[in-house]
Each structure stands twice: as C-alpha cells, then as structure tokens.
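Below: final_23.tsv (TSV, C-alpha atoms (C1' of nucleotides))
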chain	number	residue	atom	x	y	z
A	1022	PRO	CA	93.09	89.23	86.39
A	1023	PHE	CA	91.46	91.65	88.77
A	1024	VAL	CA	92.55	89.98	91.98
A	1025	GLY	CA	96.04	89.31	90.68
A	1026	ASN	CA	96.50	92.98	89.84
A	1027	VAL	CA	95.72	93.98	93.38
A	1028	ILE	CA	98.10	91.39	94.78
A	1029	ILE	CA	100.93	92.63	92.57
A	1030	THR	CA	100.42	96.13	93.94
A	1031	MET	CA	100.37	94.78	97.46
A	1032	TYR	CA	103.62	92.87	97.06
A	1033	SER	CA	105.30	95.84	95.47
A	1034	LYS	CA	104.41	97.97	98.47
A	1035	PHE	CA	106.44	95.56	100.53
A	1036	ASN	CA	109.24	95.61	97.99
A	1037	LEU	CA	108.66	91.97	97.14
A	1038	ILE	CA	109.13	92.17	93.40
A	1039	GLU	CA	109.89	88.47	92.95
A	1040	GLU	CA	106.62	87.54	94.59
A	1041	ALA	CA	104.83	90.12	92.49
A	1042	GLN	CA	106.35	88.63	89.38
A	1043	LYS	CA	105.20	85.14	90.32
A	1044	VAL	CA	101.67	86.41	90.62
A	1045	PHE	CA	101.98	88.29	87.35
A	1046	ARG	CA	103.08	85.14	85.55
A	1047	LEU	CA	100.14	83.22	86.92
A	1048	ILE	CA	97.55	85.65	85.67
A	1049	LYS	CA	96.03	84.34	82.54
A	1050	ASP	CA	94.24	86.77	80.28
A	1051	LYS	CA	96.37	89.62	81.51
A	1052	ASP	CA	94.70	92.91	80.79
A	1053	ILE	CA	96.32	96.28	80.23
A	1054	ILE	CA	96.11	97.01	83.91
A	1055	SER	CA	98.00	93.81	84.73
A	1056	TRP	CA	100.90	94.95	82.58
A	1057	ASN	CA	100.77	98.50	83.87
A	1058	THR	CA	100.63	97.31	87.43
A	1059	PHE	CA	103.61	95.04	87.01
A	1060	ILE	CA	105.76	97.61	85.21
A	1061	ALA	CA	104.97	100.17	87.91
A	1062	ALA	CA	105.74	97.55	90.56
A	1063	CYS	CA	109.19	97.05	89.05
A	1064	SER	CA	109.82	100.78	89.28
A	1065	HIS	CA	108.70	100.96	92.87
A	1066	CYS	CA	111.05	98.15	93.73
A	1067	ALA	CA	113.83	99.86	91.76
A	1068	ASP	CA	114.18	96.98	89.32
A	1069	HIS	CA	114.03	99.13	86.24
A	1070	GLU	CA	115.58	96.61	83.89
A	1071	LYS	CA	112.82	94.20	84.75
A	1072	GLY	CA	110.28	96.88	84.01
A	1073	LEU	CA	111.74	97.57	80.59
A	1074	ARG	CA	111.89	93.84	79.82
A	1075	ALA	CA	108.24	93.51	80.72
A	1076	PHE	CA	107.42	96.41	78.45
A	1077	ARG	CA	109.22	94.75	75.53
A	1078	GLU	CA	107.43	91.53	76.24
A	1079	MET	CA	104.17	93.39	76.23
A	1080	LEU	CA	104.88	94.88	72.82
A	1081	ASN	CA	106.00	91.59	71.32
A	1082	ASP	CA	103.92	88.88	72.91
A	1083	CYS	CA	100.47	90.28	73.29
A	1084	SER	CA	98.01	92.28	71.33
A	1085	LEU	CA	97.39	94.90	73.97
A	1086	ARG	CA	98.41	98.44	73.18
A	1087	PRO	CA	100.29	100.39	75.83
A	1088	ASP	CA	98.38	103.36	77.16
A	1089	ASP	CA	99.29	106.55	79.01
A	1090	PHE	CA	99.70	104.71	82.30
A	1091	THR	CA	102.08	102.26	80.67
A	1092	PHE	CA	104.24	104.97	79.21
A	1093	ALA	CA	104.40	106.96	82.42
A	1094	SER	CA	105.75	103.89	84.19
A	1095	VAL	CA	108.15	102.96	81.43
A	1096	LEU	CA	109.52	106.50	81.47
A	1097	ALA	CA	110.01	106.20	85.21
A	1098	ALA	CA	112.07	103.10	84.50
A	1099	CYS	CA	114.15	105.04	81.95
A	1100	ALA	CA	114.64	107.78	84.52
A	1101	GLY	CA	115.70	105.21	87.10
A	1102	LEU	CA	118.28	103.84	84.70
A	1103	ALA	CA	119.25	107.33	83.54
A	1104	SER	CA	118.82	105.87	80.09
A	1105	ILE	CA	118.33	108.70	77.65
A	1106	TYR	CA	118.56	106.16	74.85
A	1107	HIS	CA	115.40	104.32	75.83
A	1108	GLY	CA	113.75	107.50	76.99
A	1109	LYS	CA	114.11	109.24	73.67
A	1110	GLN	CA	112.71	106.28	71.82
A	1111	ILE	CA	109.66	106.32	74.02
A	1112	HIS	CA	109.32	110.05	73.56
A	1113	ALA	CA	109.41	109.69	69.79
A	1114	HIS	CA	106.80	106.99	69.97
A	1115	LEU	CA	104.60	109.19	72.14
A	1116	ILE	CA	104.74	111.99	69.63
A	1117	ARG	CA	103.76	109.64	66.83
A	1118	THR	CA	100.85	108.21	68.77
A	1119	LYS	CA	99.80	111.57	70.20
A	1120	LEU	CA	99.88	110.15	73.68
A	1121	ASN	CA	102.10	113.03	74.72
A	1122	GLN	CA	99.20	115.17	75.83
A	1123	ASP	CA	98.55	113.35	79.04
A	1124	ILE	CA	99.71	115.13	82.18
A	1125	GLY	CA	101.12	111.98	83.75
A	1126	VAL	CA	103.10	111.18	80.63
A	1127	ASN	CA	104.45	114.69	80.37
A	1128	ASN	CA	105.41	114.72	84.02
A	1129	ALA	CA	107.27	111.49	83.47
A	1130	LEU	CA	109.01	112.96	80.42
A	1131	VAL	CA	110.13	116.03	82.35
A	1132	ASN	CA	111.47	113.81	85.08
A	1133	MET	CA	113.17	111.44	82.67
A	1134	TYR	CA	115.01	114.20	80.82
A	1135	ALA	CA	116.00	115.88	84.06
A	1136	LYS	CA	117.38	112.62	85.47
A	1137	CYS	CA	119.12	111.75	82.23
A	1138	GLY	CA	121.07	114.98	82.21
A	1139	SER	CA	119.12	116.67	79.39
A	1140	PHE	CA	117.69	119.41	81.48
A	1141	GLY	CA	117.06	121.65	78.49
A	1142	TYR	CA	114.58	119.14	77.12
A	1143	ALA	CA	112.93	118.90	80.52
A	1144	CYS	CA	112.47	122.67	80.57
A	1145	ASN	CA	110.99	122.74	77.10
A	1146	ILE	CA	108.45	120.08	77.86
A	1147	PHE	CA	107.47	121.70	81.12
A	1148	LYS	CA	107.02	125.06	79.44
A	1149	LYS	CA	104.93	123.60	76.66
A	1150	MET	CA	102.58	121.69	78.92
A	1151	LEU	CA	99.07	123.03	78.65
A	1152	HIS	CA	97.93	121.57	81.94
A	1153	ARG	CA	100.05	121.11	85.01
A	1154	ASN	CA	99.25	119.51	88.29
A	1155	LEU	CA	101.08	119.40	91.60
A	1156	VAL	CA	103.33	116.59	90.42
A	1157	SER	CA	104.36	118.67	87.40
A	1158	TRP	CA	105.52	121.52	89.60
A	1159	ASN	CA	107.15	119.26	92.14
A	1160	THR	CA	109.05	117.44	89.42
A	1161	PHE	CA	110.31	120.64	87.92
A	1162	VAL	CA	111.26	122.26	91.21
A	1163	ALA	CA	113.20	119.15	92.21
A	1164	GLY	CA	114.83	118.96	88.79
A	1165	LEU	CA	116.05	122.54	89.08
A	1166	GLY	CA	117.25	121.89	92.61
A	1167	ASN	CA	119.18	118.81	91.57
A	1168	HIS	CA	120.91	120.81	88.89
A	1169	GLY	CA	122.02	123.48	91.32
A	1170	LEU	CA	119.57	126.07	90.01
A	1171	GLY	CA	118.29	127.03	93.42
A	1172	GLU	CA	117.14	130.54	92.69
A	1173	LYS	CA	115.25	129.35	89.65
A	1174	ALA	CA	113.58	126.65	91.71
A	1175	LEU	CA	112.35	129.27	94.14
A	1176	GLU	CA	111.00	131.34	91.28
A	1177	ILE	CA	109.11	128.37	89.93
A	1178	PHE	CA	107.75	127.74	93.39
A	1179	ASP	CA	106.38	131.28	93.43
A	1180	GLN	CA	104.78	130.69	90.06
A	1181	MET	CA	103.23	127.53	91.38
A	1182	LYS	CA	101.71	129.34	94.33
A	1183	ALA	CA	100.41	132.00	91.97
A	1184	THR	CA	98.35	129.35	90.22
A	1185	GLY	CA	96.60	128.62	93.47
A	1186	LEU	CA	98.08	125.16	93.99
A	1187	LYS	CA	99.03	124.25	97.53
A	1188	PRO	CA	102.48	122.78	98.04
A	1189	ASP	CA	102.74	119.41	99.70
A	1190	SER	CA	105.40	117.46	101.54
A	1191	VAL	CA	107.18	116.53	98.31
A	1192	THR	CA	107.31	120.17	97.18
A	1193	PHE	CA	109.26	121.06	100.28
A	1194	ILE	CA	111.76	118.30	99.80
A	1195	GLY	CA	112.45	119.73	96.36
A	1196	LEU	CA	112.84	123.22	97.80
A	1197	LEU	CA	115.14	122.05	100.57
A	1198	VAL	CA	117.27	120.13	98.11
A	1199	ALA	CA	117.41	123.22	95.91
A	1200	CYS	CA	118.51	125.40	98.81
A	1201	ASN	CA	121.02	122.79	99.89
A	1202	HIS	CA	122.65	122.40	96.50
A	1203	ALA	CA	122.75	126.13	95.88
A	1204	GLY	CA	123.97	127.04	99.35
A	1205	LEU	CA	120.86	129.06	100.15
A	1206	VAL	CA	120.98	128.11	103.78
A	1207	ASP	CA	118.80	130.78	105.28
A	1208	LYS	CA	116.13	130.27	102.67
A	1209	GLY	CA	116.21	126.58	103.41
A	1210	LEU	CA	115.68	127.27	107.09
A	1211	TYR	CA	112.86	129.57	106.22
A	1212	PHE	CA	111.11	126.93	104.11
A	1213	PHE	CA	111.58	124.29	106.74
A	1214	ASN	CA	109.99	126.47	109.37
A	1215	SER	CA	107.22	127.79	107.15
A	1216	MET	CA	106.02	124.41	105.98
A	1217	GLU	CA	104.50	123.64	109.32
A	1218	GLU	CA	103.47	127.16	110.22
A	1219	THR	CA	101.80	128.24	107.01
A	1220	TYR	CA	100.88	124.95	105.38
A	1221	SER	CA	100.44	122.63	108.37
A	1222	ILE	CA	102.73	120.05	106.84
A	1223	ALA	CA	104.75	118.23	109.46
A	1224	PRO	CA	108.38	117.74	108.43
A	1225	ASN	CA	109.29	114.11	108.05
A	1226	ILE	CA	112.58	112.29	108.14
A	1227	GLU	CA	113.57	113.47	104.66
A	1228	HIS	CA	112.97	117.12	105.48
A	1229	PHE	CA	114.94	116.89	108.70
A	1230	SER	CA	117.83	115.09	107.17
A	1231	CYS	CA	118.04	117.45	104.23
A	1232	LEU	CA	118.03	120.45	106.53
A	1233	ILE	CA	120.64	118.99	108.87
A	1234	ASP	CA	122.77	118.03	105.89
A	1235	MET	CA	122.54	121.57	104.57
A	1236	LEU	CA	123.50	123.12	107.89
A	1237	GLY	CA	126.35	120.68	108.26
A	1238	ARG	CA	127.77	121.47	104.84
A	1239	ALA	CA	127.54	125.17	105.61
A	1240	GLY	CA	129.53	124.63	108.78
A	1241	ARG	CA	126.62	125.71	110.94
A	1242	LEU	CA	127.02	122.80	113.27
A	1243	GLN	CA	125.42	124.28	116.35
A	1244	GLU	CA	122.17	124.79	114.44
A	1245	ALA	CA	122.44	121.35	112.94
A	1246	GLU	CA	122.67	119.92	116.43
A	1247	GLU	CA	119.64	121.87	117.52
A	1248	TYR	CA	117.55	120.33	114.79
A	1249	MET	CA	119.00	116.92	115.54
A	1250	SER	CA	117.82	117.20	119.11
A	1251	ARG	CA	114.35	118.03	117.85
A	1252	TYR	CA	114.50	115.12	115.46
A	1253	PRO	CA	111.48	112.93	116.15
A	1254	PHE	CA	112.61	109.82	114.34
A	1255	GLY	CA	115.08	108.21	116.70
A	1256	ARG	CA	118.74	107.79	115.89
A	1257	ASP	CA	118.78	107.08	112.20
B	938	U	C1'	92.46	97.26	90.64
B	939	U	C1'	97.28	100.38	87.51
B	940	U	C1'	100.68	105.76	86.08
B	941	C	C1'	104.16	110.34	86.82
B	942	U	C1'	107.36	113.87	91.51
B	943	G	C1'	110.49	113.44	97.28
B	944	G	C1'	116.47	113.53	101.63
B	945	A	C1'	121.35	112.07	102.96
B	946	G	C1'	125.30	108.54	103.24
B	947	A	C1'	128.33	104.25	101.33
B	948	U	C1'	132.55	101.94	96.43
B	949	G	C1'	135.98	102.92	92.50
B	950	U	C1'	138.99	106.54	89.04
Taking this structure as input, can you express it in the form of structure tokens?
Amino acid sequence: PFVGNVIITMYSKFNLIEEAQKVFRLIKDKDIISWNTFIAACSHCADHEKGLRAFREMLNDCSLRPDDFTFASVLAACAGLASIYHGKQIHAHLIRTKLNQDIGVNNALVNMYAKCGSFGYACNIFKKMLHRNLVSWNTFVAGLGNHGLGEKALEIFDQMKATGLKPDSVTFIGLLVACNHAGLVDKGLYFFNSMEETYSIAPNIEHFSCLIDMLGRAGRLQEAEEYMSRYPFGRD
RNA sequence: UUUCUGGAGAUGU
C-alpha cells in the first residue's frame, strides 16, 4: 500500500480527487495510513461528503480501528460541511475511546465547533487543552476573528506570544481577518506592516487581499490603492 | 508514506 498512499497524496495536491480515489480503490491490503490519506485527500479537495463516506466504509468494511490521524481528518470534513451533527458524534466517540488527548484531534475539535457555530464549545475545548501548538493558537485566533471578536483575538495573540511561540503566516491571516471583521483598521495595518519587519514573514496574496478588503470596507480607498499598487501578485 | 489552522468575491430569500 505504501506506494499507493504516496500517490493519493500527490493527486490530492493537484486537486485530483477522482484520480486519488481510483488509486485508493486499487490498493489491496489497505492499511490505516491508506484510509487516513484518502480521507485527508477528500478534505483537501473539499469533497467532505466523500471523506465521511470513506470513514463509514472504514468502520463497516474493515477491521482497522481509526486512530488520531483519522479523527482529525474526519473532524475537518465535519467542519467543512458545518455539520455539528456528525461532529458531535465523533466527539462523543473520542471521549469514550480517550483519543481526545491528542493535540491534532483537539485542534480539529476546536475548529469544528467554531465552524459549526458552537463557539462556546470551541472555547471550552481550547481552554482545557493541556498542550497547545501553533495550530491550536492559529485555529483559535481565526475562530475568534470569524465571530467578530477582534479584541479577544488580539488578546489571545498576546498570550500566544507570551508562551514563546512564534507566529507564522497563518497566524497573521487570522489576525487580519479579526481586525477586518471587528473594524480594527489601524491595528490591521499595524499587523500587516509588523509581520515583515519583526517576524520576517513576507505577506502573500491572502494577506494583501484581506488588508485591501479591510481598507475598502472602511472607506479608506486611497490607502487601499496604495497597497494595490504594491501588490506583487499581478492583477488577481 | 497520512492528521488538525489561513483572505476576499460570486447565487437565492
């Protein structure tokens, strides 16, 4: 199955989920990684229903037990579908099987609840997590930002820095979204400018477009135009 | 070999 697993990942990077599925079907003696790889591939290609179907098939048709990687991917599928119904079932199962201690699984739970509109649950899980990594913080900052809790997102960012973790490109997208949704325009500008200066992270197309969007919504069109003229990605 | 986080816009009521 080894080679097949790699090929599935490769196809999914090109968004070719049908091709990935053909390969998956052809693998005989699928191992746990084959299933995990395929379910994750479905998520990456945004075919979340397919991912959930594969998960069901895994439970029914083979003797392999899902592991923490499996559940993280399945939860991503639930998040993609905004399906609190499936998500809660998985959560309950995780509690029963004690698989809810894994960082990746918890990150996926926080994200799932945030995306499914149960932000209170997301907060509780985040707070209870014993270990957090960069993805944990990024997920939570973005979740707050998406819910319009901009100031809170900035607080959490400060807490993150206090732990000694260095923000990355994804962190700043979360912060910019937070500033955008909460109307914290000057703070957004500050973050955009500081990411390169203090963290040597070059803004990419997402950062630029979020910033320009924010300036546009605030009616600060002259500044928006300035950033557009500095925009290094052509005329998207 | 596999997991979890990242922008905007577009339809309808």
Worksheet entry | Contacts of A:Pro1022 at 6 Å (all atoms listed in the file; same-chain gap of 3+ positions) as a PyMOL selection string | chain A and resi 1025+1048+1051
Practice prompt. Check the smallest atom-to-atom distance from each of A:Leu1130, A:Ile1028, A:Ala1041, A:Cys1200 to B:C941 using only C-alpha atoms (C1' of nucleotides), then report the winner.
Written response: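 Of the candidates, the smallest distance to B:C941 is held by A:Leu1130.
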Interface rows for chain A against chain B: nearest pair, Å to one decimal, 9 Å, all atoms listed in the file, as a Markdown table:
| residue | atom | partner | partner_atom | distance |
| --- | --- | --- | --- | --- |
| A:Phe1023 | CA | B:U938 | C1' | 6.0 |
| A:Val1024 | CA | B:U938 | C1' | 7.4 |
| A:Gly1025 | CA | B:U938 | C1' | 8.7 |
| A:Asn1026 | CA | B:U938 | C1' | 5.9 |
| A:Val1027 | CA | B:U938 | C1' | 5.4 |
| A:Thr1030 | CA | B:U939 | C1' | 8.3 |
| A:Ile1053 | CA | B:U939 | C1' | 8.4 |
| A:Ile1054 | CA | B:U939 | C1' | 5.1 |
| A:Ser1055 | CA | B:U939 | C1' | 7.2 |
| A:Trp1056 | CA | B:U939 | C1' | 8.2 |
| A:Asn1057 | CA | B:U939 | C1' | 5.4 |
| A:Thr1058 | CA | B:U939 | C1' | 4.5 |
| A:Phe1059 | CA | B:U939 | C1' | 8.3 |
| A:Ala1061 | CA | B:U940 | C1' | 7.3 |
| A:Asp1089 | CA | B:U940 | C1' | 7.2 |
| A:Phe1090 | CA | B:U940 | C1' | 4.0 |
| A:Thr1091 | CA | B:U940 | C1' | 6.6 |
| A:Phe1092 | CA | B:U940 | C1' | 7.8 |
| A:Ala1093 | CA | B:U940 | C1' | 5.4 |
| A:Ser1094 | CA | B:U940 | C1' | 5.7 |
| A:Leu1096 | CA | B:C941 | C1' | 8.5 |
| A:Ala1097 | CA | B:C941 | C1' | 7.3 |
| A:Ile1124 | CA | B:C941 | C1' | 8.0 |
| A:Gly1125 | CA | B:C941 | C1' | 4.6 |
| A:Val1126 | CA | B:C941 | C1' | 6.3 |
| A:Asn1127 | CA | B:C941 | C1' | 7.8 |
| A:Asn1128 | CA | B:C941 | C1' | 5.3 |
| A:Ala1129 | CA | B:C941 | C1' | 4.7 |
| A:Leu1130 | CA | B:C941 | C1' | 8.4 |
| A:Asn1132 | CA | B:U942 | C1' | 7.6 |
| A:Leu1155 | CA | B:U942 | C1' | 8.4 |
| A:Val1156 | CA | B:U942 | C1' | 5.0 |
| A:Ser1157 | CA | B:U942 | C1' | 7.0 |
| A:Trp1158 | CA | B:U942 | C1' | 8.1 |
| A:Asn1159 | CA | B:U942 | C1' | 5.4 |
| A:Thr1160 | CA | B:U942 | C1' | 4.5 |
| A:Phe1161 | CA | B:U942 | C1' | 8.2 |
| A:Ala1163 | CA | B:U942 | C1' | 7.9 |
| A:Ser1190 | CA | B:G943 | C1' | 7.8 |
| A:Val1191 | CA | B:G943 | C1' | 4.6 |
| A:Thr1192 | CA | B:G943 | C1' | 7.4 |
| A:Phe1193 | CA | B:G943 | C1' | 8.3 |
| A:Ile1194 | CA | B:G943 | C1' | 5.6 |
| A:Gly1195 | CA | B:G943 | C1' | 6.7 |
| A:Leu1197 | CA | B:G944 | C1' | 8.7 |
| A:Val1198 | CA | B:G944 | C1' | 7.5 |
| A:Ile1226 | CA | B:G944 | C1' | 7.7 |
| A:Glu1227 | CA | B:G944 | C1' | 4.2 |
| A:His1228 | CA | B:G944 | C1' | 6.3 |
| A:Phe1229 | CA | B:G944 | C1' | 8.0 |
| A:Ser1230 | CA | B:G944 | C1' | 5.9 |
| A:Cys1231 | CA | B:G944 | C1' | 5.0 |
| A:Leu1232 | CA | B:G944 | C1' | 8.6 |
| A:Asp1234 | CA | B:A945 | C1' | 6.8 |
Discussion item. Could you tell me how far atom CA of A:Lys1173 sits from atom CA of A:Leu1205, in Å to one decimal place?
Written reply: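 According to the coordinates, atom CA of A:Leu1205 and atom CA of A:Lys1173 are separated by 11.9 Å.
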Fill in: Interatomic distance, atom CA of A:Ala1103 to atom CA of A:Tyr1142 (Å, one decimal)
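These atoms are spaced 14.2 Å apart.
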Practice prompt. Quote the spacing between atom CA of A:Gly1166 and atom CA of A:Met1216 in Å to one decimal place.
Written response: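 According to the coordinates, atom CA of A:Gly1166 and atom CA of A:Met1216 are separated by 17.6 Å.
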Worksheet item: Could you pull the residues within 12 Å of A:Arg1077, counting only C-alpha atoms (C1' of nucleotides), minus those fewer than 6 positions along the same chain, as a list in words?
Response: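 Counting only the stated atoms, we get Trp1056, Ile1060, Glu1070, Lys1071, Cys1083, Leu1085, Arg1086, Pro1087, Thr1091, Phe1092, Val1095, His1107 and Ile1111 of chain A.
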Discussion item. Here is a test: counting only C-alpha atoms, which residue of A:Leu1151, A:Ala1098, A:Ala1239, A:Ala1245 is nearest to A:Lys1136?
Written reply: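 Under the stated criterion, the closest residue is A:Ala1098.
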